[in-house]
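Have a look at structure.cif; it's mmCIF, C-alpha atoms and all ligand atoms:
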data_start
#
loop_
_atom_site.label_atom_id
_atom_site.label_comp_id
_atom_site.auth_asym_id
_atom_site.auth_seq_id
_atom_site.Cartn_x
_atom_site.Cartn_y
_atom_site.Cartn_z
CA MET A 1 -120.33 -3.32 -184.09
CA VAL A 2 -122.65 -0.76 -182.50
CA PHE A 3 -126.23 -1.99 -182.60
CA GLU A 4 -129.45 -0.58 -181.16
CA GLN A 5 -133.02 -1.65 -181.82
CA VAL A 6 -135.76 0.89 -181.15
CA ALA A 7 -139.42 -0.16 -181.11
CA THR A 8 -142.21 2.36 -181.70
CA GLY A 9 -145.49 0.51 -181.30
CA GLY A 10 -145.05 -2.34 -183.79
CA CYS A 11 -142.39 -0.54 -185.86
CA GLN A 12 -138.74 -1.48 -185.47
CA SER A 13 -135.84 0.80 -186.34
CA TYR A 14 -132.13 0.25 -186.00
CA LEU A 15 -128.94 2.14 -185.34
CA ILE A 16 -125.99 0.21 -186.72
CA GLY A 17 -122.44 1.49 -186.56
CA CYS A 18 -118.78 0.71 -186.88
CA ASP A 19 -117.11 1.03 -183.49
CA GLN A 20 -113.65 1.42 -185.02
CA THR A 21 -114.48 4.41 -187.20
CA CYS A 22 -117.40 5.77 -185.11
CA VAL A 23 -119.86 6.11 -188.00
CA ALA A 24 -123.40 4.75 -188.08
CA ALA A 25 -126.56 4.42 -190.16
CA LEU A 26 -130.17 4.61 -189.06
CA ILE A 27 -132.52 2.12 -190.68
CA ASP A 28 -136.26 2.87 -190.86
CA PRO A 29 -136.25 5.70 -188.29
CA GLU A 30 -139.63 6.94 -187.04
CA LEU A 31 -140.47 10.62 -186.64
CA SER A 32 -141.44 10.57 -182.96
CA GLN A 33 -138.11 8.97 -181.94
CA ILE A 34 -135.71 11.56 -183.36
CA ASP A 35 -134.38 12.70 -179.98
CA HIS A 36 -134.06 9.06 -178.89
CA TYR A 37 -131.88 8.15 -181.91
CA LEU A 38 -129.66 11.20 -181.49
CA ALA A 39 -129.21 10.44 -177.78
CA LEU A 40 -128.36 6.78 -178.52
CA ALA A 41 -125.78 7.77 -181.15
CA THR A 42 -124.17 10.18 -178.69
CA ARG A 43 -124.16 7.60 -175.91
CA ASP A 44 -122.64 4.98 -178.23
CA GLY A 45 -120.02 7.39 -179.54
CA VAL A 46 -121.02 7.27 -183.22
CA ARG A 47 -121.94 9.88 -185.77
CA ILE A 48 -124.95 9.14 -187.99
CA ARG A 49 -123.80 9.25 -191.63
CA TYR A 50 -126.71 7.62 -193.51
CA LEU A 51 -130.49 7.55 -193.14
CA ILE A 52 -131.98 4.51 -194.80
CA ASP A 53 -135.58 3.50 -195.46
CA THR A 54 -136.00 -0.12 -196.53
CA HIS A 55 -139.12 0.93 -198.47
CA THR A 56 -141.89 3.55 -198.71
CA HIS A 57 -143.73 3.11 -195.42
CA ALA A 58 -147.53 3.34 -195.40
CA ASP A 59 -148.01 2.85 -191.70
CA HIS A 60 -145.62 5.17 -189.91
CA PHE A 61 -143.96 8.53 -190.42
CA SER A 62 -140.39 8.22 -191.61
CA ALA A 63 -137.81 10.45 -189.92
CA THR A 64 -135.27 10.24 -192.75
CA ARG A 65 -136.14 13.58 -194.39
CA GLU A 66 -136.22 15.54 -191.12
CA LEU A 67 -132.98 13.98 -189.86
CA ALA A 68 -131.31 14.63 -193.23
CA ARG A 69 -132.17 18.31 -192.82
CA ARG A 70 -130.78 18.43 -189.30
CA LEU A 71 -127.66 16.32 -189.77
CA ASP A 72 -126.86 17.19 -193.39
CA VAL A 73 -126.39 13.53 -194.34
CA PRO A 74 -127.93 11.60 -197.24
CA VAL A 75 -131.23 9.71 -197.36
CA VAL A 76 -130.69 6.29 -198.93
CA MET A 77 -133.43 4.23 -200.60
CA HIS A 78 -133.79 1.77 -203.43
CA ARG A 79 -133.78 3.47 -206.83
CA ALA A 80 -137.47 2.57 -207.36
CA SER A 81 -138.49 4.87 -204.48
CA PRO A 82 -140.93 7.59 -205.59
CA ALA A 83 -139.66 10.06 -202.94
CA PRO A 84 -138.02 13.08 -204.61
CA PHE A 85 -135.80 13.86 -201.57
CA VAL A 86 -133.75 10.64 -201.74
CA ASP A 87 -130.08 11.65 -202.08
CA MET A 88 -128.55 8.27 -202.77
CA ARG A 89 -130.54 5.76 -204.79
CA ILE A 90 -129.10 2.28 -204.73
CA GLY A 91 -129.70 -0.87 -206.72
CA ASP A 92 -129.61 -4.59 -206.16
CA GLY A 93 -126.12 -5.89 -205.35
CA GLU A 94 -124.75 -2.49 -204.36
CA MET A 95 -123.30 -1.62 -200.97
CA VAL A 96 -123.28 1.29 -198.57
CA VAL A 97 -119.84 1.60 -196.97
CA LEU A 98 -120.02 2.37 -193.26
CA GLY A 99 -116.48 2.49 -191.86
CA LYS A 100 -115.40 -1.16 -191.77
CA LEU A 101 -118.98 -2.39 -192.27
CA ARG A 102 -120.61 -3.10 -195.62
CA LEU A 103 -124.41 -2.84 -195.97
CA GLN A 104 -125.29 -5.06 -198.91
CA ALA A 105 -128.57 -4.19 -200.67
CA LEU A 106 -130.86 -6.90 -201.99
CA HIS A 107 -133.84 -5.65 -204.02
CA THR A 108 -136.86 -7.57 -202.75
CA PRO A 109 -140.03 -6.09 -204.31
CA GLY A 110 -143.42 -7.45 -203.29
CA HIS A 111 -144.54 -5.57 -200.18
CA THR A 112 -143.72 -2.46 -202.24
CA ALA A 113 -141.86 -2.08 -205.54
CA ASP A 114 -139.02 -0.26 -203.76
CA SER A 115 -138.49 -2.79 -200.93
CA MET A 116 -134.94 -3.83 -200.20
CA CYS A 117 -133.18 -5.89 -197.56
CA LEU A 118 -129.78 -4.99 -196.16
CA GLN A 119 -127.29 -7.64 -195.13
CA VAL A 120 -124.54 -6.64 -192.69
CA GLU A 121 -122.18 -9.31 -191.40
CA ASP A 122 -124.24 -11.82 -189.38
CA ARG A 123 -127.63 -10.15 -189.81
CA VAL A 124 -130.13 -9.02 -192.42
CA PHE A 125 -132.56 -6.13 -192.11
CA THR A 126 -135.58 -7.44 -193.95
CA GLY A 127 -137.86 -4.38 -193.94
CA ASP A 128 -141.41 -5.60 -194.48
CA THR A 129 -140.37 -8.33 -196.91
CA LEU A 130 -139.93 -10.95 -194.17
CA LEU A 131 -141.30 -10.56 -190.65
CA ILE A 132 -140.97 -12.90 -187.69
CA GLY A 133 -143.70 -15.46 -188.38
CA GLY A 134 -145.10 -13.37 -191.23
CA THR A 135 -144.45 -11.41 -194.40
CA GLY A 136 -145.29 -7.87 -195.44
CA ARG A 137 -148.74 -7.44 -196.95
CA THR A 138 -149.05 -7.00 -200.71
CA ASP A 139 -152.34 -5.08 -200.95
CA LEU A 140 -150.98 -1.54 -200.42
CA PRO A 141 -149.79 0.75 -203.27
CA SER A 142 -147.15 -0.96 -205.49
CA GLY A 143 -147.58 -4.28 -203.65
CA ASP A 144 -147.35 -7.46 -205.75
CA PRO A 145 -147.72 -11.01 -204.36
CA GLU A 146 -145.98 -12.59 -207.39
CA ALA A 147 -142.94 -10.36 -206.84
CA LEU A 148 -142.97 -11.14 -203.11
CA TYR A 149 -142.91 -14.86 -203.90
CA ASP A 150 -139.78 -14.41 -206.03
CA SER A 151 -138.14 -12.10 -203.49
CA LEU A 152 -138.65 -14.64 -200.71
CA PHE A 153 -138.30 -18.04 -202.30
CA ASN A 154 -135.76 -17.18 -204.98
CA ARG A 155 -133.68 -14.57 -203.13
CA LEU A 156 -133.95 -13.97 -199.39
CA LEU A 157 -134.47 -17.54 -198.23
CA HIS A 158 -131.38 -18.63 -200.19
CA LEU A 159 -129.16 -16.55 -197.90
CA ASP A 160 -127.13 -18.21 -195.13
CA PRO A 161 -129.71 -19.91 -192.85
CA SER A 162 -127.84 -18.73 -189.74
CA LEU A 163 -128.29 -15.03 -190.60
CA GLN A 164 -130.24 -13.14 -187.96
CA VAL A 165 -133.46 -11.57 -189.26
CA TYR A 166 -134.30 -8.04 -188.06
CA PRO A 167 -137.63 -6.91 -189.56
CA ALA A 168 -139.21 -3.44 -189.78
CA HIS A 169 -142.19 -4.65 -187.74
CA ASP A 170 -142.96 -6.93 -184.88
CA TYR A 171 -146.21 -6.65 -182.97
CA LYS A 172 -145.37 -9.21 -180.28
CA GLY A 173 -142.23 -7.68 -178.78
CA ARG A 174 -139.80 -10.15 -180.38
CA SER A 175 -136.42 -8.77 -181.36
CA HIS A 176 -135.22 -11.09 -184.13
CA SER A 177 -135.13 -14.64 -185.50
CA THR A 178 -133.02 -16.40 -188.14
CA ILE A 179 -133.55 -17.34 -191.77
CA ALA A 180 -133.55 -21.02 -190.70
CA ASP A 181 -136.22 -20.41 -188.03
CA GLU A 182 -138.42 -18.60 -190.53
CA ILE A 183 -138.10 -21.32 -193.16
CA ALA A 184 -139.02 -23.91 -190.52
CA THR A 185 -141.83 -22.15 -188.65
CA ASN A 186 -143.16 -19.07 -190.50
CA PRO A 187 -146.74 -20.04 -191.49
CA ARG A 188 -146.69 -17.91 -194.66
CA LEU A 189 -143.56 -19.66 -195.91
CA GLN A 190 -145.19 -23.09 -195.76
CA LYS A 191 -147.04 -22.34 -199.04
CA ARG A 192 -144.08 -23.04 -201.27
CA ASP A 193 -146.05 -23.31 -204.48
CA ARG A 194 -146.24 -19.96 -206.29
CA ALA A 195 -149.96 -20.09 -207.08
CA GLU A 196 -150.86 -21.17 -203.54
CA PHE A 197 -148.70 -18.42 -202.03
CA VAL A 198 -150.19 -15.74 -204.30
CA GLU A 199 -153.73 -16.94 -203.58
CA MET A 200 -153.04 -16.83 -199.81
CA MET A 201 -151.64 -13.27 -200.03
CA ARG A 202 -154.64 -12.13 -202.11
CA SER A 203 -157.16 -13.50 -199.65
CA LEU A 204 -155.74 -12.01 -196.43
CA ASN A 205 -158.32 -9.21 -196.39
CA LEU A 206 -156.45 -6.98 -193.91
CA THR A 207 -157.72 -3.68 -192.56
CA MET A 208 -155.99 -0.53 -193.81
CA PRO A 209 -153.26 0.91 -191.54
CA THR A 210 -154.25 3.98 -189.56
CA HIS A 211 -152.87 7.26 -190.97
CA ILE A 212 -152.19 5.60 -194.35
CA THR A 213 -153.01 8.69 -196.42
CA GLU A 214 -150.90 10.99 -194.24
CA ALA A 215 -148.02 8.48 -194.06
CA LEU A 216 -147.93 8.03 -197.84
CA ARG A 217 -148.29 11.78 -198.45
CA THR A 218 -145.43 12.72 -196.15
CA ASN A 219 -143.14 9.74 -196.81
CA MET A 220 -143.45 10.07 -200.60
CA SER A 221 -143.15 13.87 -200.73
CA GLY A 222 -141.02 14.81 -197.72
CA GLY A 223 -143.85 17.08 -196.58
CA LYS A 224 -144.68 17.64 -192.93
CA THR A 225 -147.18 15.77 -190.80
CA VAL A 226 -149.89 17.68 -188.96
CA ALA A 227 -148.24 16.70 -185.66
CA SER A 228 -144.89 18.13 -186.88
CA LEU A 229 -146.54 21.43 -187.84
CA LEU A 230 -148.10 21.66 -184.39
CA ALA A 231 -144.87 20.69 -182.60
CA GLU A 232 -142.96 23.37 -184.52
CA ALA A 233 -145.55 26.00 -183.62
CA THR A 234 -145.62 24.85 -179.98
CA SER A 235 -141.86 25.28 -179.72
CA THR A 236 -142.08 28.94 -180.75
CA VAL A 237 -144.84 30.27 -178.48
CA PRO A 238 -145.40 30.65 -174.73
CA PHE A 239 -148.69 29.48 -173.23
CA MET A 240 -151.03 30.73 -170.51
CA SER A 241 -153.05 28.35 -168.32
CA LEU A 242 -156.86 28.42 -168.16
CA ALA A 243 -156.80 29.40 -164.47
CA GLU A 244 -154.32 32.24 -165.05
CA LEU A 245 -156.46 33.60 -167.87
CA ARG A 246 -159.62 33.36 -165.77
CA SER A 247 -158.07 35.42 -162.99
CA ARG A 248 -156.95 38.05 -165.49
CA VAL A 249 -160.40 38.12 -167.14
CA GLU A 250 -162.09 38.47 -163.75
CA ALA A 251 -159.73 41.29 -162.81
CA ALA A 252 -160.70 42.91 -166.16
CA GLU A 253 -157.07 43.52 -167.08
CA ASP A 254 -157.16 45.64 -170.15
CA ASP A 255 -153.57 45.13 -171.28
CA LEU A 256 -154.47 41.65 -172.57
CA ILE A 257 -156.29 41.12 -175.86
CA VAL A 258 -158.05 37.75 -175.89
CA LEU A 259 -158.37 36.77 -179.54
CA ASP A 260 -160.90 34.05 -180.31
CA VAL A 261 -159.83 32.47 -183.62
CA ARG A 262 -162.85 30.15 -184.06
CA GLU A 263 -165.64 30.82 -186.57
CA ARG A 264 -168.36 33.38 -185.80
CA ASP A 265 -171.10 30.89 -184.84
CA ALA A 266 -168.83 29.17 -182.31
CA TYR A 267 -167.83 32.55 -180.87
CA GLU A 268 -171.42 33.71 -180.55
CA GLY A 269 -172.40 30.40 -178.90
CA GLY A 270 -170.11 31.16 -175.96
CA HIS A 271 -166.80 33.01 -175.63
CA ILE A 272 -164.48 34.36 -172.95
CA PRO A 273 -165.86 37.72 -171.68
CA GLY A 274 -164.14 40.55 -173.50
CA ALA A 275 -162.69 38.28 -176.24
CA ARG A 276 -162.45 39.63 -179.77
CA LEU A 277 -163.34 37.53 -182.80
CA LEU A 278 -160.79 37.02 -185.59
CA PRO A 279 -161.25 33.63 -187.30
CA ARG A 280 -157.98 31.81 -188.08
CA GLY A 281 -158.83 31.74 -191.79
CA GLN A 282 -158.97 35.57 -191.86
CA LEU A 283 -156.00 36.24 -189.59
CA GLU A 284 -153.49 37.39 -192.19
CA LEU A 285 -156.12 39.36 -194.11
CA ARG A 286 -157.42 41.34 -191.15
CA VAL A 287 -154.41 41.56 -188.86
CA ASN A 288 -153.28 45.06 -189.91
CA GLN A 289 -156.73 46.52 -189.47
CA ASP A 290 -157.72 44.63 -186.29
CA LEU A 291 -154.41 44.63 -184.40
CA PRO A 292 -152.62 47.86 -185.28
CA ASP A 293 -150.30 47.79 -182.24
CA PRO A 294 -147.74 44.94 -182.44
CA THR A 295 -146.53 45.62 -178.90
CA ARG A 296 -149.84 44.53 -177.32
CA ARG A 297 -150.10 41.32 -175.38
CA ILE A 298 -152.37 38.97 -177.35
CA LEU A 299 -153.71 35.59 -176.24
CA ALA A 300 -155.13 33.32 -178.95
CA CYS A 301 -157.81 30.79 -178.06
CA CYS A 302 -159.77 28.23 -180.09
CA GLU A 303 -161.93 25.18 -179.41
CA LEU A 304 -159.22 22.62 -178.55
CA GLY A 305 -155.98 24.58 -178.28
CA TYR A 306 -154.34 23.46 -181.55
CA ILE A 307 -155.45 26.11 -184.04
CA SER A 308 -154.77 28.82 -181.46
CA THR A 309 -151.17 27.56 -181.19
CA LEU A 310 -150.78 27.89 -184.97
CA ALA A 311 -152.39 31.35 -184.82
CA ALA A 312 -150.05 32.51 -182.02
CA ALA A 313 -147.02 31.22 -183.97
CA THR A 314 -148.23 33.08 -187.08
CA LEU A 315 -148.69 36.27 -185.05
CA ARG A 316 -145.18 35.94 -183.57
CA SER A 317 -143.71 35.41 -187.04
CA MET A 318 -145.50 38.60 -188.13
CA GLY A 319 -143.91 40.62 -185.33
CA PHE A 320 -146.45 40.35 -182.51
CA LEU A 321 -143.74 39.38 -180.06
CA ARG A 322 -146.09 39.16 -177.07
CA ALA A 323 -148.53 36.70 -178.71
CA VAL A 324 -149.26 33.66 -176.55
CA ALA A 325 -151.64 30.70 -176.83
CA LEU A 326 -154.10 29.32 -174.30
CA ASP A 327 -152.98 25.98 -172.81
CA GLY A 328 -156.25 24.22 -173.60
CA GLY A 329 -159.27 25.50 -175.47
CA MET A 330 -162.84 26.64 -175.09
CA LYS A 331 -163.97 23.06 -174.57
CA ALA A 332 -161.80 22.82 -171.42
CA TRP A 333 -162.83 26.36 -170.41
CA ARG A 334 -166.53 25.42 -170.54
CA GLU A 335 -165.92 22.11 -168.73
CA ALA A 336 -164.12 23.98 -165.95
CA GLY A 337 -167.24 26.13 -165.46
CA TYR A 338 -165.35 29.36 -166.19
CA PRO A 339 -167.31 32.49 -167.20
CA LEU A 340 -168.81 32.66 -170.68
CA LYS A 341 -170.56 35.33 -172.65
CA THR A 342 -172.86 34.63 -175.61
CA GLY A 343 -173.82 36.76 -178.57
CA LYS A 344 -172.10 39.16 -180.92
CA GLU A 345 -168.89 41.06 -180.35
CA PRO A 346 -169.36 44.24 -178.30
FE FE A 401 -144.20 -1.35 -194.79
#
Would you write the structure of this file as structure tokens?
Amino acid sequence: MVFEQVATGGCQSYLIGCDQTCVAALIDPELSQIDHYLALATRDGVRIRYLIDTHTHADHFSATRELARRLDVPVVMHRASPAPFVDMRIGDGEMVVLGKLRLQALHTPGHTADSMCLQVEDRVFTGDTLLIGGTGRTDLPSGDPEALYDSLFNRLLHLDPSLQVYPAHDYKGRSHSTIADEIATNPRLQKRDRAEFVEMMRSLNLTMPTHITEALRTNMSGGKTVASLLAEATSTVPFMSLAELRSRVEAAEDDLIVLDVRERDAYEGGHIPGARLLPRGQLELRVNQDLPDPTRRILACCELGYISTLAAATLRSMGFLRAVALDGGMKAWREAGYPLKTGKEP
């Protein structure tokens, strides 16, 4: 068996594969680790054939949709998943065949309605249903403490006690435990009475995960994160450093158009000498009139360097093949003590 565990903060993801047939599945992959997973699969000599989410994640950005696009392999989730991009919906008691391995799905609602665990040989991937020394919370969308009680006490904890438990989260750097260890020591599993367990889950009063709205939006729709949009734009444009631009501004090079894409009041409060104003929100509307020559060298700048990257990528896609973005923004320019001009456009 090929097996890799990849931690991203408190999130755990897994590459599991059959070494005889060289095929593998990724379980709960995270968006920022895509290159890491692909490198591990190459190093281990397996081809990724399935992308599996154990449930709809509210606390990290799933990589299943993006990897499905790149690898042309199916996204697998429980059939209760709300995500429209799931290619293979599976139900309780069904299996995903992975070479000689069998990934057995167990529907375990509670943390979310679409939560499932996957048993493979000597181990079980428990998602957020069962954590090491904890359980998934039940106060996020589609969570249900009564269902979690049934999933744990009437399903998961009846599995072979020697099975190794690999959860979707661990915040203390632990890799795994066993069903027997959890039954014996997990504090949340000591409330074996249904009403007591439900009352405990309802009174946990946890803070909301960071990025919850963006995680649910992107994981449920397959849409892009803001960071992905920026990374895509960054990969399509060259940049110029602040110091390089300053020397060109001071030399009054007139082959370079500095395009300030902030709003008018920010521009008038202090801009790079000679910069023109074209707010990002008006770029497409005014580009033909303001930038009639697509062969000109154009440098986009903004306050922090993000919006200017998007603007430069838009300009390139429109045929301005010499559009570049400033590596940094006006904030860094001011802090460096570089020359500024105030007032209206000349
Ligand atoms: Fe979760």
Taking all atoms listed in the file and a cut-off of 9 Å, can you tell me which residues surround ligand FE 401 (chain A), written as a list in words?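 So the residues close to ligand FE 401 (chain A) are Thr54, His55, Thr56, His57, Ala58, Asp59, His60, His111, Thr112, Ser115, Gly127, Asp128, Thr129, Gly136, Arg137, Leu140, Ala168 and His169 of chain A.
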A:Gly274, A:Gly45, A:Gly110, A:Pro209: which is nearest A:Leu259, counting all atoms listed in the file?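 Of A:Gly274, A:Gly45, A:Gly110, A:Pro209, the one nearest A:Leu259, counting all atoms listed in the file, is A:Gly274.
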Minimum-distance residue to A:Ala252, chosen among A:Ile298, A:Ala275, A:Val2, A:Val237 (using only C-alpha atoms):
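The closest residue to A:Ala252 is A:Ala275.
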Min atom-atom distance to A:Ala313 from the set A:Asp265, A:Glu232, A:Asp254, A:Asp19, counting all atoms listed in the file, belongs to A:Glu232
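Across the model, the gap from atom CA of A:Tyr171 to atom CA of A:Arg123 is 20.1 Å.
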Residue with the minimum atom-to-atom distance to A:Leu159, picked from A:Glu146, A:Gly99, A:Ala180, A:Glu30 with only C-alpha atoms counted, is A:Ala180
If you count all atoms listed in the file, which residues fall within 12 Å of A:Ser13, apart from same-chain ones fewer than 3 positions away, as a VMD selection string?
chain A and resid 3 to 10 16 25 to 34 36 to 37 51 to 54 60 to 64 125 to 128 166 to 170 175
re atom CA of A:Met220 and atom CA of A:Met201: distance 24.7 Å
Gap from atom CA of A:Ile179 to atom CA of A:Pro161 - Å, one decimal
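Atom CA of A:Ile179 sits 4.7 Å away from atom CA of A:Pro161.
Remark: for A:Asn205, the closest of the candidate residues A:Arg280, A:Ala147, A:Asp139, A:Ser247 is A:Asp139 (distances computed over only C-alpha atoms).
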- Message: For a quick check of your reading of the model, name the residues lying within 7 Å of the coordinate (-170.7, 31.0, -172.2), counting all atoms listed in the file, and write them as JSON, numbers by chain.
- Response: {"A": [269, 270, 271, 339, 340, 341, 342]}
Find the smallest box with edges along x, y and z containing every listed atom of stretch 268-273 of chain A, then add 3 Å on each side and report centre and edge lengths in Å to one decimal, as lines of an AutoDock Vina configuration file.
center_x = -168.4
center_y = 34.1
center_z = -176.1
size_x = 13.9
size_y = 13.3
size_z = 14.9
Near-A:Tyr338 list (9 Å; all atoms listed in the file; drop same-chain fewer than 3 positions) as a ChimeraX atom specification: /A:242-243,246,272,333-335
Name the residues in contact with A:Arg316 at a cut-off of 12 Å, using only C-alpha atoms, excluding same-chain residues fewer than 3 positions from it; report them as an NGL selection string. :A and (233-238 or 294-300 or 309-313 or 319-325)
Need the shell around A:Val287: protein/DNA/RNA residues with any atom at most 9 Å away, counting all atoms listed in the file. Skip same-chain ones fewer than 4 positions apart. Format as JSON, numbers by chain? {"A": [278, 282, 283, 291, 292, 315]}
Just want the 6 Å neighbourhood of A:Glu303, counted on all atoms listed in the file, with same-chain residues fewer than 3 positions away dropped. Output as a PDB file with C-alpha atoms, keeping the file's coordinate frame.
ATOM      1  CA  GLY A 329    -159.270  25.500-175.470  1.00  0.00           C
ATOM      2  CA  MET A 330    -162.840  26.640-175.090  1.00  0.00           C
ATOM      3  CA  LYS A 331    -163.970  23.060-174.570  1.00  0.00           C
TER       4      LYS A 331
END
Legend entry - Expected residue set, 6 Å radius at (-154.6, 29.6, -175.0), all atoms listed in the file, as a PyMOL selection string: chain A and resi 240+300-301+325-328
What would the file be for stretch 299-318 of chain A if you keep N, CA and C atoms and write it as an mmCIF file, in the first residue's frame?
data_model
loop_
_atom_site.group_PDB
_atom_site.id
_atom_site.type_symbol
_atom_site.label_atom_id
_atom_site.label_comp_id
_atom_site.auth_asym_id
_atom_site.auth_seq_id
_atom_site.Cartn_x
_atom_site.Cartn_y
_atom_site.Cartn_z
ATOM 1 N N LEU A 299 2.504 49.886 -17.131
ATOM 2 C CA LEU A 299 2.696 49.323 -15.800
ATOM 3 C C LEU A 299 1.500 49.692 -14.938
ATOM 4 N N ALA A 300 0.806 48.688 -14.397
ATOM 5 C CA ALA A 300 -0.352 48.949 -13.537
ATOM 6 C C ALA A 300 0.102 49.005 -12.089
ATOM 7 N N CYS A 301 -0.435 50.008 -11.346
ATOM 8 C CA CYS A 301 -0.145 50.060 -9.910
ATOM 9 C C CYS A 301 -1.432 50.332 -9.149
ATOM 10 N N CYS A 302 -1.469 49.864 -7.889
ATOM 11 C CA CYS A 302 -2.642 50.101 -7.035
ATOM 12 C C CYS A 302 -2.132 50.290 -5.614
ATOM 13 N N GLU A 303 -3.001 50.182 -4.625
ATOM 14 C CA GLU A 303 -2.561 50.470 -3.257
ATOM 15 C C GLU A 303 -1.655 49.365 -2.707
ATOM 16 N N LEU A 304 -2.033 48.086 -2.916
ATOM 17 C CA LEU A 304 -1.291 46.991 -2.277
ATOM 18 C C LEU A 304 -0.617 46.036 -3.263
ATOM 19 N N GLY A 305 -0.921 46.171 -4.550
ATOM 20 C CA GLY A 305 -0.272 45.302 -5.525
ATOM 21 C C GLY A 305 -1.116 44.118 -5.971
ATOM 22 N N TYR A 306 -2.334 43.976 -5.429
ATOM 23 C CA TYR A 306 -3.188 42.848 -5.834
ATOM 24 C C TYR A 306 -4.078 43.226 -7.017
ATOM 25 N N ILE A 307 -4.798 44.348 -6.861
ATOM 26 C CA ILE A 307 -5.728 44.764 -7.917
ATOM 27 C C ILE A 307 -4.964 45.096 -9.193
ATOM 28 N N SER A 308 -3.738 45.641 -9.023
ATOM 29 C CA SER A 308 -2.940 45.965 -10.209
ATOM 30 C C SER A 308 -2.528 44.696 -10.952
ATOM 31 N N THR A 309 -2.334 43.591 -10.220
ATOM 32 C CA THR A 309 -2.010 42.317 -10.861
ATOM 33 C C THR A 309 -3.198 41.839 -11.699
ATOM 34 N N LEU A 310 -4.398 41.957 -11.130
ATOM 35 C CA LEU A 310 -5.607 41.584 -11.883
ATOM 36 C C LEU A 310 -5.764 42.486 -13.108
ATOM 37 N N ALA A 311 -5.483 43.789 -12.920
ATOM 38 C CA ALA A 311 -5.623 44.734 -14.036
ATOM 39 C C ALA A 311 -4.627 44.412 -15.143
ATOM 40 N N ALA A 312 -3.372 44.099 -14.768
ATOM 41 C CA ALA A 312 -2.359 43.772 -15.785
ATOM 42 C C ALA A 312 -2.745 42.496 -16.528
ATOM 43 N N ALA A 313 -3.290 41.511 -15.796
ATOM 44 C CA ALA A 313 -3.709 40.257 -16.448
ATOM 45 C C ALA A 313 -4.859 40.529 -17.420
ATOM 46 N N THR A 314 -5.802 41.401 -17.007
ATOM 47 C CA THR A 314 -6.909 41.760 -17.894
ATOM 48 C C THR A 314 -6.372 42.448 -19.148
ATOM 49 N N LEU A 315 -5.447 43.378 -18.955
ATOM 50 C CA LEU A 315 -4.872 44.085 -20.113
ATOM 51 C C LEU A 315 -4.179 43.106 -21.056
ATOM 52 N N ARG A 316 -3.405 42.171 -20.494
ATOM 53 C CA ARG A 316 -2.731 41.176 -21.356
ATOM 54 C C ARG A 316 -3.753 40.363 -22.139
ATOM 55 N N SER A 317 -4.837 39.962 -21.433
ATOM 56 C CA SER A 317 -5.845 39.137 -22.123
ATOM 57 C C SER A 317 -6.552 39.935 -23.221
ATOM 58 N N MET A 318 -6.504 41.273 -23.107
ATOM 59 C CA MET A 318 -7.132 42.113 -24.131
ATOM 60 C C MET A 318 -6.162 42.474 -25.250
#
